[in-house]
Each structure stands twice: as structure tokens, then as C-alpha cells.
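One structure is given below, encoded as C-alpha cells.
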Amino acid sequence: MLIVGLQCGHDASVAVVMNGQVLVHLEQERVTRIRHDEVIAVDLIHQALGYCGLAAKDVDLFALCTTQRFGYQSDDASRLSFSYSWETAEALGADKFRRTVFDRAVEISKNIENRNIRKNGHYLYNSEWPDMADVWTTKRGMLLIDELKESIINDIFTTPSLAAGHVLPMTVTLDGKVYPAVGVMHQLSHAAAAFYQSSFETAAVFAQDVGNPIRSRNKYTGGMLFHGEGHRLIPIWTAPVAAGLIYNRCAELLELGGAGGPGKLMGLSAYGEPVFFDSRFIGDVEPLADLYLNPQRDPDFTYAYGWFDVVDRKARQLGYAVDGPAFGSFGKDLAASAQKTFEALVLFVVERLRVLLTRAGRMGPNLCLSGGCALNCPTNSRIVEETEFTSVFVPPSCDDGGLSIGASLYAYHHVLGHDRREAADPTHSIAALGRGISTKSITQAVKAAATEFEIEPGVDLAERAAADLASDNVVALFQGRAESGPRALGHRSLLADPRRTENWARVNGLKSRELWRPFAPACLSEKLRDHFDGGPPHSPHMLFNYRVRSQSLGAVTHVDGSARVQTVHPASGAFRDIIEAFDRRTGTPVVMNTSLNGPGEPIVETPEHALNFLRRTGTDVLYLENNRIRKRSA
């Protein structure tokens with residue numbers, strides 16, 4: 001069974017899944033060089049299939065997802081289009097879908113004028129309107145969980161039609177051929193990307209981003225809670241809190257950038273004090289409507305208006321310059337307050353989830369996190385350290401780029417009923433799903449660069465790279481297949497000696513980043529506890545915070561003594577070999593690791609991108625597979 005997953009909104013991507021195994025995951029931004037690029041490109045689909053030695057004729061099913069406020073979109077209406085189709089439901093089994101949801105999607109899409117996306121593009125309205133259980137839409141919100149009858153709780157976990165209301169039967173027309181397709185709603189796709197890529201047979205799942213936290217009978221785009229067991233993944237409650245909304249809007253107010261702003265805010269928060277934190281806002285938005293809501297305000301701030309109003313009034317009373325720079329006193333304290341609020345709201349949801357699972361007799365230690373909010377490392381670690389969910393998994397592509405993976409896996413396992421593959425080893429990274437570069441292409445790139453750069457082919461990669469790092473060279477690493485998701489994990493990375501505190505400012509300057517932004521340590525997995533406390537025992541995807549024990553890791557120790565650690569395990573290939581060699585030379589089993597990209601750029605995708613990075617930055621050396629490349633001496 002060959003399924004192709006498409007994410008059609010921002011962070012557009014393609015996943016090719018064969019019998020439940022993800023063969024490749026290509027993110028459009030890596031090709032176009034436009035961060036968070038949107039609207040799926042036809043050529044990317046063919047590139048993904050071609051990379052696997054497959055063609056469009058081999059595809060059995062498409063699985064579709066998009067960002068909540070984006071339609072199903074393609075860059076070329078003459079080659080790629082989408083439609084709703086009940087014929088697909090009849091072919092796959094009508095009981096797998098809910099006719100009322102389908103009819104609503106068709107009716108709404110008829111009344112929405114098709115828009116040109118870019119030039120000559122295609123647009124189909126995204127009916128991101130899952131059917132809601134009655135108990136989810138009450139004003140009591142998640143507090144109602146304490147009062148529910150056992151029979152109602154049992155129905156939530158056992159009623160198959162609840163999951164059917166989160167998928168839509170569709171078709172994809174690609175280059176003149178019509179294929180069956182399943183549209184999987186946004187938070188369900190996030191959840192599926194986490195659960196089906198985890199090693200858990202049974203787990204709770206919490207998917208959350210910046211969706212609207214207000215619930216109505218037929219429209220809701222906020223966070224969701226799910227329960228996975230075997231091949232089944234079902235929605236069990238809504239998570240209508242404003243955590244992601246507040247965090248994202250704070251990043252915007254401090255002009256930290258668009259989709260990348262929350263990541264910068266996370267780093268900035270360590271410099272401030274949470275003086276604007278207010279415990280009254282911790283809970284569902286609707287029960288706290290008098291605090292949160294003001295429908296007359298800008299719609300982007302409506303659902304968190306009250307929080308910002310309290311911050312603004314308190315800031316002015318305390319004499320803050322609210323229009324100052326992000327790294328000013330107001331910016332630092334706002335970031336710290338947003339972080340504390342975010343953490344408190346997420347922990348509120350996780351506790352409510354624990355109560356629901358306990359009352360259902362399904363509580364266990366396993367929790368999967370997904371959605372953009374799962375990139376918040378301090379919060380992830382607090383869940384591990386402070387709740388009964390002691391085994392927490394976050395996929396490397398938990399952002400919207402991973403929706404194509406989630407939709408595909410949900411279609412294969414839950415909709416079509418196929419059993420899951422053998423569980424993955426939780427200590428290993430599953431991130432190397434991107435494009436690999438052939439030996440021939442590497443050779444051609446190196447040959448073309450020979451007149452401009454000093455090139456040593458066929459070097460002992462581990463020993464030479466470790467020697468360069470120990471000599472305080474900044475090393476660019478281009479090895480194997482690209483990582484899936486926003487974290488560089490040793491395949492498209494920029495490395496430096498973590499012992500030299502000055503490398504913090506040096507590498508930030510080299511990348512043209514704000515000088516206050518922190519860097520991550522990559523540590524040999526078995527030596528994690530020699531240098532770091534807290535967090536889970538494994539962090540292969542750099543998605544948890546730890547407390548730094550060692551006094552010798554100044555370049556990767558944030559101002560609050562924390563670090564976003566990546567554990568590097570024995571099966572991690574060349575990157576592991578380099579750290580081992582560095583440890584033998586220096587006695588330090590840690591290197592500084594950051595992504596190989598310039599300001600505002602996606603991570604590099606090709607040898608030419610990597611060579612251009614070397615050309616225009618102060619990077620000392622590039623390892624293009626086992627070719628050591630330096631700028632020629634003046």
C-alpha cells in the first residue's frame with residue numbers, strides 16, 4: 001500500500017509511506033529556499049516519488065492535510081487539484097466517515113469563491129470543522145471531566161463515529177489521473193505523526209498550536225487530546241487553552257519574526273522575570289471568558305485580549321518602556337511571563353488529561369506531544385519531571401511540516417485498519433527522512449568547487465573533524481540524508497567547541513543571529529548524566545531542556561543554567577563518530593550543534609547550498625561527506 005501525504009498550507013511538505021513506513025519526507029522550503037513556504041508544488045510530489053524509485057502510477061491513496069486557515073492548495077491548477085468525493089467513502093468503507101461532516105464541507109466549499117493561489121494555482125476550501133461531542137462544548141470546559149458519569153466517559157473512548165467525524169473522503173487529480181484521497185483534520189494529523197512514530201503501543205496524545213481556543217458545535221481549531229492504542233487513534237477531548245496564542249502573539253509584539261518568533265521568545269525568556277504572570281488566566285478560555293475575551297478587538301488578539309490588557313496596564317504602572325527592543329527590560333520580562341503562562345496552561349491540560357484517563361481506567365506513563373507548541377523544550381521537560389507521564393515522545397517533525405507524515409500514517413493505520421510496524425527503538429532518531437545526495441552529485445559539486453576552495457578528498461572524517469573542533473575551528477557538516485523537521489541533528493549542522501564560552505557570540509555572529517540566543521549541546525547518550533541533570537533519559541531530537549552540571553560547557557549553557565540537549569546514540573553514524581573522536585582528544589563528550597543555515601534561510605539542502613554558506617560566512621571548514629573543504633588562503 002503506497003500512500004502519499006501532502007501538507008498544503010504553510011510548511012508545505014510531501015511524505016511517501018509504503019506499508020506504514022515513511023520512505024521520504026520532503027519539505028518545500030528546502031527546495032525553494034523560502035522559509036515556511038506554502039502551497040504544495042506538483043514537482044515536489046514527483047521528486048519525492050522519484051527519490052524512492054516510484055512514480056505517480058504506483059500511488060494507491062493520497063492523504064491530505066493543511067493548516068487550519070489555509071485551503072487545500074496547489075501551485076498549478078492544470079496539474080494538481082482537490083475535491084470532496086463520497087465515492088471515495090464508498091470505496092474505502094462509508095462507515096469510516098461521517099456523512100453530515102462531508103455534506104457540510106461540500107456545501108461550504110460551494111459558497112466559497114475559488115481563489116488564485118500564486119499564479120494559475122488551485123484552491124479548495126478547507127472544512128476544518130470536526131464534529132464535536134456534546135460534552136466538549138459546555139461552558140464548564142475541562143472542569144466537567146470531574147463530574148461526568150462513567151458511561152459517558154466510556155462512550156468517549158469507544159464510539160468509533162467520533163473519529164469518523166475528523167476525516168473527509170476526497171480525490172486528488174494529478175496530471176490528469178484521479179486518485180482516492182482522505183482529508184485528515186489538522187490536530188489529528190499532528191497527533192498521528194507523534195503516536196504512530198513513537199515506540200508506544202498505548203499512549204495519550206496532546207496536539208496543540210495557535211488554533212482558535214473557542215469551541216462551538218461544529219467549528220473548533222484549537223488543541224486536542226487523543227488516545228492511541230495499537231492502530232487506533234481517537235479524539236477524546238478538546239484542549240481549549242490560549243497557551244500557543246499568547247506565546248505567538250508575544251513574539252509578534254516583540255518583533256521577533258513570523259513563524260520562527262516563538263523559538264526566539266523561548267530563548268529570550270531566560271533573561272527576564274515573570275512579573276506579568278497572572279494565575280487567574282490558567283484554565284479553559286470559555287469558563288474564563290470575562291477575563292480573556294473582547295470581540296471588539298483585532299480578531300488576532302480577540303481570544304487572548306484580556307491577558308495582553310492586564311500586561312499592558314501593569315507594565316505602564318511599573319514604568320516599563322513597552323515600545324523598547326526585544327532585549328530590553330520589558331521584552332525580557334514579557335518573554336519570561338509568556339513562558340511561565342505557557343507552561344502553566346500546558347500543565348493544566350496535562351493534569352486534566354490525567355484525570356480523564358484515570359477515570360476511564362486507561363491512565364499510563366506514555367504521552368506523545370505534537371503541534372508547534374511541542375517545540376517548547378522547557379515545558380516538555382516539566383511534563384516529564386512533574387507529572388505522572390514519565391515517558392514523553394515528541395517527533396522531530398512536530399511542526400506543520402510533519403502533517404503530511406501524520407495524515408499518511410493515520411490513513412494507513414486507523415482508516416484502513418493496518419497494524420503498526422515493529423516499534424522503533426526510542427533511543428534512536430527517526431529524523432533522517434529527508435533527501436540524500438548521491439555520490440555522483442557530491443563528486444560533481446566538489447570538482448566544480450576545486451578552483452575556489454582547498455579540498456582534501458577521502459579524509460578520516462571523525463578524526464579530522466574532531467581535530468578541527470579541538471583547534472577551535474567552526475565546522476560545517478553535510479552528511480547523509482537531511483533531517484526532517486526544524487532541528488539540525490548532525491546531518492546538516494554547524495559545530496563548534498562547547499568549552500570555549502566565546503564561541504556562543506562567535507557562532508551567533510557568524511550566522512547573523514541575535515547575540516543572546518542560545519545553542520544546543522550534542523552529547524554522547526551514555527554520558528548524558530555526567531554533564532546534565534533533569535529531563536528524560538533520551539533526547540535524540542533536541543526537544544527537552546536539561547540543567548547543566550558541568551562548569552566547562554560555557555558555549556552551550558544558557559543564562560539560567562539550562563541547555564536544550566541532543567543525545568547522540570551509537571547508531572547515529574558519522575555524527576556519533578565525530579563526538580567520540582572529540583571526546584578522546586579533549587575528554588569532553590559534547591559538541592555545540594546548530595543548524596547549517598543563514599539568517600531567515602531554511603536548513604541547507606544541497607552541496608551547492610553548503611558551499612555557498614562556507615563562501616559567505618566565517619565558517620572555517622566544511623565536511624561534504626568525507627571531503628574537507630576550506631577557503632583558499634589570501
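Here, A, B, ... name the chains of the C-alpha cells in the order displayed, residue numbers run from 1 inside each chain, and ligands are numbered from 1 in the same displayed order.
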Which neighbours of Arg249 in chain A fall inside 9 Å, counting only C-alpha atoms, when residues of the same chain fewer than 2 positions from it are skipped, and could you give them as a ChimeraX atom specification?
/A:244-247,251-254,262,300-301,304
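For range 356-366 of chain A, the non-local neighbours within 9 Å, defined as residues at least 4 positions apart in the same chain or in other chains and counting only C-alpha atoms, are Ile145, Asp146, Glu150, Ile153, Asn154, Phe157, Phe200, Thr202, Ala203, Ala204, Val205, His227, Ile236, Trp237, Glu351, Arg352, Glu388, Phe389, Thr390, Ser391, Val392 and Phe393 of chain A.
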Could you write out, as a PyMOL selection string, all the residues of range 225-421 of chain A that DSSP marks as strand (DSSP E or B)?
chain A and resi 225-229+232-239+366-370+391-393
Would you kindly return, as number ranges by chain, each protein, DNA or RNA residue with an atom no farther than 10 Å from any atom of range 410-417 of chain A, considering only C-alpha atoms and excluding same-chain residues fewer than 3 positions away?
A: 1-3, 5, 17-21, 61-64, 92-93, 95-97, 163-164, 167, 181-184, 188-193, 195-196, 228, 230-234, 405-407, 420-421
Grab the CA of Gly485 in chain A to CA of Pro396 in chain A distance for me, in Å with one decimal place.
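Taking CA of Gly485 in chain A and CA of Pro396 in chain A, their separation equals 5.3 Å.
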Enter the distance from CA of Phe453 in chain A to CA of Ala467 in chain A, in Å, rounded to one decimal.
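Atom-to-atom, CA of Phe453 in chain A to CA of Ala467 in chain A, that is 19.8 Å.
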Just want the 7 Å neighbourhood of Ser81 in chain A, counted on only C-alpha atoms, with same-chain residues fewer than 3 positions away dropped. Output as a list of chain:residue names.
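Near Ser81 in chain A, the qualifying residues are A:Ser74, A:Ala77, A:His122, A:Val172, A:Thr173, A:Leu174.
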